[in-house]
$ cat structure_5.csv   # CSV, C-alpha atoms and all ligand atoms
chain,number,residue,atom,x,y,z
A,1,MET,CA,253.7,-31.9,-135.6
A,2,ASP,CA,257.0,-31.4,-137.3
A,3,SER,CA,258.9,-34.0,-139.2
A,4,VAL,CA,261.3,-34.6,-136.4
A,5,SER,CA,258.5,-35.4,-133.9
A,6,ILE,CA,256.8,-37.8,-136.4
A,7,GLU,CA,260.0,-39.6,-137.1
A,8,LYS,CA,260.7,-39.8,-133.3
A,9,LEU,CA,257.3,-41.2,-132.9
A,10,ILE,CA,257.8,-43.9,-135.5
A,11,TYR,CA,261.2,-44.7,-134.1
A,12,SER,CA,259.9,-45.0,-130.6
A,13,GLY,CA,257.1,-47.3,-132.0
A,14,LEU,CA,259.6,-49.4,-133.9
A,15,CYS,CA,261.9,-49.7,-130.9
A,16,LYS,CA,259.0,-51.1,-128.9
A,17,TRP,CA,258.7,-54.0,-131.3
A,18,THR,CA,262.3,-54.2,-132.5
A,19,PRO,CA,264.7,-52.9,-129.8
A,20,ASN,CA,268.1,-51.6,-130.8
A,21,ILE,CA,267.0,-50.6,-134.3
A,22,PRO,CA,269.7,-48.2,-135.6
A,23,ILE,CA,268.6,-44.6,-136.2
A,24,PRO,CA,269.9,-44.3,-139.8
A,25,MET,CA,267.3,-47.0,-140.8
A,26,ILE,CA,264.5,-44.6,-140.1
A,27,PRO,CA,263.6,-42.9,-143.4
A,28,ARG,CA,263.2,-39.1,-143.6
A,29,LEU,CA,259.7,-38.3,-144.8
A,30,ASN,CA,258.5,-35.9,-147.4
A,31,ILE,CA,255.2,-33.9,-146.9
A,32,SER,CA,253.0,-36.7,-148.2
A,33,GLY,CA,254.7,-39.3,-146.1
A,34,LYS,CA,254.3,-37.1,-143.0
A,35,LEU,CA,250.6,-36.6,-143.7
A,36,LEU,CA,250.0,-40.3,-144.4
A,37,THR,CA,252.0,-41.3,-141.3
A,38,THR,CA,250.0,-38.9,-139.1
A,39,VAL,CA,246.7,-40.2,-140.4
A,40,VAL,CA,247.8,-43.8,-139.8
A,41,LEU,CA,249.0,-43.1,-136.3
A,42,LEU,CA,245.9,-41.3,-135.3
A,43,ALA,CA,243.7,-44.0,-136.8
A,44,THR,CA,245.7,-46.6,-134.9
A,45,PHE,CA,245.1,-44.8,-131.6
A,46,PHE,CA,241.4,-44.0,-132.2
A,47,TRP,CA,240.1,-46.9,-134.2
A,48,PRO,CA,237.4,-48.7,-132.2
A,49,THR,CA,238.8,-52.0,-131.1
A,50,THR,CA,236.7,-55.2,-130.9
A,51,ASN,CA,236.8,-57.1,-127.7
A,52,PRO,CA,237.2,-60.7,-128.9
A,53,ASP,CA,235.6,-62.0,-125.7
A,54,LYS,CA,232.5,-59.9,-126.4
A,55,ALA,CA,232.5,-60.6,-130.1
A,56,TYR,CA,232.3,-64.3,-129.7
A,57,SER,CA,230.3,-64.4,-126.5
A,58,GLN,CA,226.9,-66.2,-126.8
A,59,ILE,CA,223.7,-65.4,-125.0
A,60,ILE,CA,223.3,-68.0,-122.3
A,61,ASN,CA,219.7,-68.9,-121.5
A,62,GLY,CA,218.5,-69.3,-118.0
A,63,ILE,CA,216.2,-71.4,-115.9
A,64,VAL,CA,213.0,-70.5,-114.0
A,65,LYS,CA,212.1,-72.9,-111.2
A,66,GLY,CA,210.1,-72.9,-108.0
A,67,THR,CA,207.2,-74.4,-106.1
A,68,VAL,CA,203.5,-73.8,-106.4
A,69,SER,CA,201.6,-74.2,-103.2
A,70,PHE,CA,198.0,-73.7,-101.9
A,71,GLU,CA,196.9,-72.1,-98.6
A,72,THR,CA,193.9,-74.5,-98.7
A,73,ILE,CA,193.6,-77.7,-100.7
A,74,PRO,CA,190.1,-77.9,-102.2
A,75,ASP,CA,187.9,-80.7,-100.9
A,76,ASN,CA,187.4,-82.2,-104.4
A,77,GLU,CA,188.5,-85.7,-105.6
A,78,PHE,CA,189.6,-84.2,-109.0
A,79,PHE,CA,192.0,-81.7,-107.5
A,80,GLU,CA,195.7,-82.4,-108.1
A,81,ILE,CA,198.6,-80.0,-107.7
A,82,SER,CA,200.1,-81.5,-110.9
A,83,GLU,CA,197.2,-80.1,-112.9
A,84,THR,CA,198.6,-76.6,-112.4
A,85,VAL,CA,200.1,-74.9,-115.4
A,86,ILE,CA,203.0,-72.4,-115.2
A,87,TYR,CA,203.8,-70.4,-118.3
A,88,LEU,CA,205.8,-67.4,-119.4
A,89,SER,CA,204.7,-64.6,-121.7
A,90,GLY,CA,206.5,-61.6,-123.1
A,91,ASP,CA,208.5,-60.3,-126.0
A,92,GLY,CA,211.3,-62.6,-127.1
A,93,LEU,CA,209.5,-65.8,-126.4
A,94,THR,CA,208.4,-67.3,-129.6
A,95,ALA,CA,206.3,-70.3,-130.6
A,96,GLU,CA,209.3,-71.8,-132.4
A,97,THR,CA,211.0,-72.4,-129.0
A,98,LEU,CA,208.5,-75.2,-128.1
A,99,ASP,CA,210.1,-78.1,-126.3
A,100,PRO,CA,209.6,-81.2,-128.6
A,101,LYS,CA,208.3,-83.0,-125.5
A,102,ALA,CA,205.5,-80.5,-125.2
A,103,SER,CA,204.6,-81.1,-128.8
A,104,GLU,CA,204.2,-84.8,-128.3
A,105,GLN,CA,201.9,-84.2,-125.4
A,106,MET,CA,199.2,-82.4,-127.4
A,107,LEU,CA,196.7,-85.2,-126.9
A,108,LEU,CA,193.4,-85.2,-125.0
A,109,ASP,CA,192.4,-88.8,-124.4
A,110,GLN,CA,189.2,-90.2,-122.9
A,111,ILE,CA,190.0,-93.1,-120.6
A,112,ASP,CA,187.6,-94.7,-118.2
A,113,TYR,CA,185.0,-91.9,-118.6
A,114,THR,CA,187.7,-89.3,-117.8
A,115,PHE,CA,189.5,-86.8,-119.9
A,116,VAL,CA,193.2,-87.4,-119.7
A,117,PRO,CA,194.9,-85.1,-118.9
A,118,ARG,CA,192.3,-83.0,-117.1
A,119,VAL,CA,194.4,-79.9,-117.9
A,120,LEU,CA,196.2,-79.7,-121.2
A,121,PRO,CA,198.5,-76.8,-122.0
A,122,ILE,CA,199.2,-76.6,-125.8
A,123,LEU,CA,200.7,-74.2,-128.2
A,124,ALA,CA,198.4,-71.9,-130.3
A,125,GLY,CA,198.3,-72.8,-134.0
A,126,LYS,CA,199.7,-76.4,-133.5
A,127,LYS,CA,197.7,-79.5,-134.4
A,128,MET,CA,196.4,-81.4,-131.4
A,129,SER,CA,194.6,-84.8,-131.2
A,130,PHE,CA,191.4,-86.0,-129.5
A,131,HIS,CA,191.2,-89.7,-128.9
A,132,ASN,CA,188.6,-92.0,-127.3
A,133,SER,CA,190.2,-95.0,-125.6
A,134,ASP,CA,186.9,-96.2,-124.1
A,135,ASP,CA,184.3,-98.6,-125.6
A,136,GLU,CA,181.6,-96.0,-125.1
A,137,LEU,CA,180.6,-93.1,-127.3
A,138,HIS,CA,181.8,-89.7,-125.9
A,139,ASN,CA,181.6,-86.2,-127.3
A,140,ILE,CA,183.9,-83.2,-127.3
A,141,HIS,CA,182.0,-80.0,-126.5
A,142,THR,CA,184.2,-76.9,-126.2
A,143,TYR,CA,183.5,-73.6,-124.5
A,144,SER,CA,186.0,-70.8,-125.2
A,145,LYS,CA,186.5,-68.6,-122.2
A,146,GLY,CA,188.6,-66.0,-124.0
A,147,ARG,CA,185.6,-64.1,-125.3
A,148,ARG,CA,185.1,-66.8,-128.0
A,149,ARG,CA,188.6,-66.3,-129.3
A,150,ASN,CA,188.4,-69.8,-130.8
A,151,ARG,CA,185.3,-71.2,-132.4
A,152,ASN,CA,183.4,-73.6,-130.2
A,153,PHE,CA,182.5,-77.1,-131.5
A,154,ASN,CA,180.5,-80.1,-130.4
A,155,ARG,CA,181.5,-83.4,-132.0
A,156,ALA,CA,180.6,-87.0,-131.2
A,157,GLN,CA,183.5,-89.3,-130.8
A,158,ARG,CA,183.1,-93.1,-131.5
A,159,PRO,CA,185.0,-95.7,-129.4
A,160,GLY,CA,188.7,-96.0,-130.6
A,161,SER,CA,188.5,-93.0,-132.9
A,162,THR,CA,190.9,-90.0,-133.2
A,163,PHE,CA,190.5,-86.6,-134.8
A,164,THR,CA,192.7,-83.6,-134.9
A,165,GLY,CA,192.1,-79.9,-134.5
A,166,THR,CA,193.9,-76.6,-134.2
A,167,PHE,CA,193.2,-73.7,-131.8
A,168,ALA,CA,194.6,-70.6,-133.5
A,169,ARG,CA,194.6,-68.1,-130.7
A,170,PRO,CA,195.7,-68.1,-127.0
A,171,ASP,CA,192.7,-69.0,-124.9
A,172,SER,CA,191.4,-71.1,-122.0
A,173,ILE,CA,188.9,-73.7,-123.2
A,174,LEU,CA,186.5,-75.7,-121.1
A,175,VAL,CA,185.8,-79.2,-122.6
A,176,LEU,CA,182.8,-81.2,-121.6
A,177,CYS,CA,181.3,-84.5,-122.6
A,178,ASP,CA,177.5,-84.0,-122.8
A,179,ILE,CA,176.9,-87.7,-122.3
A,180,HIS,CA,178.9,-88.0,-119.1
A,181,SER,CA,178.6,-84.9,-116.9
A,182,GLN,CA,181.6,-85.8,-114.7
A,183,MET,CA,183.9,-85.5,-117.7
A,184,ILE,CA,185.6,-82.1,-117.6
A,185,ALA,CA,188.9,-80.9,-119.1
A,186,HIS,CA,190.6,-77.6,-119.7
A,187,ILE,CA,192.8,-76.8,-122.7
A,188,LEU,CA,195.1,-73.8,-122.1
A,189,ILE,CA,196.2,-72.5,-125.5
A,190,LEU,CA,199.5,-70.6,-125.0
A,191,GLU,CA,201.4,-68.2,-127.2
A,192,ASN,CA,204.9,-69.8,-126.8
A,193,GLY,CA,206.6,-73.0,-125.7
A,194,PHE,CA,207.7,-71.8,-122.3
A,195,PHE,CA,205.2,-73.7,-120.2
A,196,THR,CA,205.1,-76.7,-118.0
A,197,LYS,CA,202.9,-78.4,-115.4
A,198,ALA,CA,203.7,-78.7,-111.7
A,199,SER,CA,204.9,-82.0,-110.3
A,200,THR,CA,202.8,-83.9,-107.7
A,201,THR,CA,204.6,-81.9,-105.0
A,202,GLY,CA,204.2,-78.5,-106.8
A,203,THR,CA,207.7,-78.1,-108.1
A,204,TYR,CA,208.3,-76.9,-111.6
A,205,THR,CA,211.2,-76.0,-114.0
A,206,ILE,CA,211.1,-74.0,-117.2
A,207,ASN,CA,214.4,-74.4,-119.1
A,208,ASP,CA,216.2,-72.5,-121.8
A,209,VAL,CA,214.7,-69.1,-121.1
A,210,PRO,CA,216.4,-66.2,-123.0
A,211,PRO,CA,217.4,-63.3,-120.8
A,212,GLY,CA,214.6,-60.8,-120.5
A,213,GLN,CA,211.7,-59.6,-118.4
A,214,TYR,CA,208.5,-61.7,-118.6
A,215,ASP,CA,205.2,-62.4,-117.0
A,216,LEU,CA,205.0,-65.7,-115.1
A,217,THR,CA,201.5,-66.9,-114.8
A,218,VAL,CA,200.4,-69.9,-112.6
A,219,TRP,CA,197.0,-71.2,-113.6
A,220,ASN,CA,194.8,-73.6,-111.6
A,221,GLU,CA,191.2,-74.7,-112.4
A,222,TRP,CA,190.0,-74.0,-108.9
A,223,PHE,CA,191.9,-70.8,-108.1
A,224,GLY,CA,192.3,-69.0,-111.4
A,225,GLU,CA,195.6,-67.2,-112.1
A,226,VAL,CA,198.4,-65.7,-110.1
A,227,LYS,CA,200.7,-63.5,-112.2
A,228,THR,CA,204.1,-62.1,-111.4
A,229,THR,CA,206.8,-60.3,-113.3
A,230,ILE,CA,210.2,-61.9,-113.5
A,231,GLU,CA,213.6,-60.9,-114.8
A,232,ILE,CA,216.2,-63.3,-115.9
A,233,THR,CA,219.7,-62.4,-116.9
A,234,ASP,CA,222.4,-64.3,-118.8
A,235,GLY,CA,222.6,-67.9,-117.7
A,236,GLN,CA,220.9,-67.2,-114.5
A,237,THR,CA,218.7,-69.7,-112.6
A,238,ILE,CA,215.9,-67.9,-110.6
A,239,SER,CA,213.5,-69.3,-108.1
A,240,VAL,CA,209.9,-68.1,-108.1
A,241,ASP,CA,207.6,-69.7,-105.5
A,242,VAL,CA,203.9,-69.0,-105.9
A,243,THR,CA,201.2,-69.5,-103.3
A,244,PHE,CA,197.5,-69.5,-104.2
A,245,PRO,CA,195.5,-67.7,-101.5
A,246,ASN,CA,192.4,-69.2,-100.1
A,247,THR,CA,190.1,-67.5,-102.5
A,248,PRO,CA,190.9,-66.6,-106.1
B,301,CU,CU,181.6,-89.1,-122.3

$ encode --input "structure_5.csv" --output "structure tokens" --more "lines below"
Ligand SMILES: [Cu+2]
Amino acid sequence: MDSVSIEKLIYSGLCKWTPNIPIPMIPRLNISGKLLTTVVLLATFFWPTTNPDKAYSQIINGIVKGTVSFETIPDNEFFEISETVIYLSGDGLTAETLDPKASEQMLLDQIDYTFVPRVLPILAGKKMSFHNSDDELHNIHTYSKGRRRNRNFNRAQRPGSTFTGTFARPDSILVLCDIHSQMIAHILILENGFFTKASTTGTYTINDVPPGQYDLTVWNEWFGEVKTTIEITDGQTISVDVTFPNTP
């Protein structure tokens, strides 16, 4: 590129911003000036530009919602649709994302000779409480179903007393009271805070889910698990309905 074309280029650039600039104001360049100008012009054309919209955009989390249904409702007085747990698992979902409400609900009570709730989803590694609201002695006897991933214990619980414990690893634990055989509970120990229980009509919502691909598991005491893969994109609300077949 000779000096004339560089100077023309500068002039045309200046005219773009400052129309009617007089030609004599354009300086004639020496070799260093031409070289520097060429470098600056090329850099201006080829320097990667930042899209401000992209730079300041935020990841918008999504919502997973749907309805859980059953082809056959078990003929059992303890069956309740609302004792069904829906949870997500996969990379990008961490324990720190636990909904504070879920944290408050880490309590297994004993009321009127019944474990309340019958199904308790909790977060692995977090402290949970056992309480006896009855005037009778009960006991908490745990049976880990996850190949003994958490140590089983058998502990008497006096009326009105509370004790706390922690289950370190994801698991499914059956809880019995050896004194009252009708007392049964299940503690689902989950690896992140993206879980919920179904409503009495089977509807559920899991909020604030980061974009990604995850496993959605629906767990029920009588039917076992139904697992499906979901993908949620930026800010999307997806609907995932799950029906338990007659037999698990
Ligand atoms: Cu009991």

$ closest_atom_pairs --input "structure_5.csv" --of "chain A" --to "ligand CU 301 (chain B)" --cutoff "8 Å" --atoms "only C-alpha atoms and all ligand atoms" --output "Markdown table"
| residue | atom | partner | partner_atom | distance |
| --- | --- | --- | --- | --- |
| A:Gln110 | CA | B:CU301 | CU | 7.7 |
| A:Tyr113 | CA | B:CU301 | CU | 5.8 |
| A:Thr114 | CA | B:CU301 | CU | 7.6 |
| A:Glu136 | CA | B:CU301 | CU | 7.4 |
| A:Leu137 | CA | B:CU301 | CU | 6.5 |
| A:His138 | CA | B:CU301 | CU | 3.7 |
| A:Asn139 | CA | B:CU301 | CU | 5.8 |
| A:Cys177 | CA | B:CU301 | CU | 4.6 |
| A:Asp178 | CA | B:CU301 | CU | 6.6 |
| A:Ile179 | CA | B:CU301 | CU | 4.9 |
| A:His180 | CA | B:CU301 | CU | 4.3 |
| A:Ser181 | CA | B:CU301 | CU | 7.5 |
| A:Met183 | CA | B:CU301 | CU | 6.3 |

$ residues_around --input "structure_5.csv" --residues "A:Trp219" --least-positions-apart "4" --cutoff "6 Å" --atoms "only C-alpha atoms" --output "compact mmCIF listing (two decimals) with C-alpha atoms, in the coordinates of the input"
# COMPACT_ATOMS: atom_id res chain seq x y z
CA THR A 84 198.60 -76.60 -112.40
CA VAL A 85 200.10 -74.90 -115.40
CA GLY A 224 192.30 -69.00 -111.40
CA GLU A 225 195.60 -67.20 -112.10

$ closest_residue --input "structure_5.csv" --among "A:Thr203, A:Asn246, A:Thr162, A:Thr196" --to "A:Tyr87" --atoms "all atoms listed in the file"
A:Thr196

$ residues_around --input "structure_5.csv" --residues "stretch 59-72 of chain A" --least-positions-apart "2" --cutoff "7 Å" --atoms "all atoms listed in the file" --output "ChimeraX atom specification"
/A:57,74,202-211,232,234-246

$ atom_distance --input "structure_5.csv" --atom1 "atom CA of A:Ala198" --atom2 "atom CA of A:Leu108"
18.0 Å

$ residues_near_point --input "structure_5.csv" --point "(195.0, -77.7, -120.0)" --cutoff "10 Å" --atoms "only C-alpha atoms" --output "ChimeraX atom specification"
/A:83-85,106,108,116-122,172-175,185-190,197,219-221

$ closest_residue --input "structure_5.csv" --among "A:Thr94, A:Asn192, A:Met128, A:Asn152" --to "A:Leu176" --atoms "only C-alpha atoms"
A:Asn152

$ residues_around --input "structure_5.csv" --residues "A:Leu216" --least-positions-apart "2" --cutoff "9 Å" --atoms "only C-alpha atoms" --output "list of chain:residue names"
A:Ile86, A:Tyr87, A:Leu88, A:Ser89, A:Tyr214, A:Val218, A:Val226, A:Lys227, A:Thr228, A:Thr229, A:Ile230, A:Val240

$ write_last_selection --input "structure_5.csv" --atoms "C-alpha atoms" --output "JSON list (two decimals), in the coordinates of the input"
[["chain", "number", "residue", "atom", "x", "y", "z"],
["A", 86, "ILE", "CA", 203.00, -72.40, -115.20],
["A", 87, "TYR", "CA", 203.80, -70.40, -118.30],
["A", 88, "LEU", "CA", 205.80, -67.40, -119.40],
["A", 89, "SER", "CA", 204.70, -64.60, -121.70],
["A", 214, "TYR", "CA", 208.50, -61.70, -118.60],
["A", 218, "VAL", "CA", 200.40, -69.90, -112.60],
["A", 226, "VAL", "CA", 198.40, -65.70, -110.10],
["A", 227, "LYS", "CA", 200.70, -63.50, -112.20],
["A", 228, "THR", "CA", 204.10, -62.10, -111.40],
["A", 229, "THR", "CA", 206.80, -60.30, -113.30],
["A", 230, "ILE", "CA", 210.20, -61.90, -113.50],
["A", 240, "VAL", "CA", 209.90, -68.10, -108.10]]
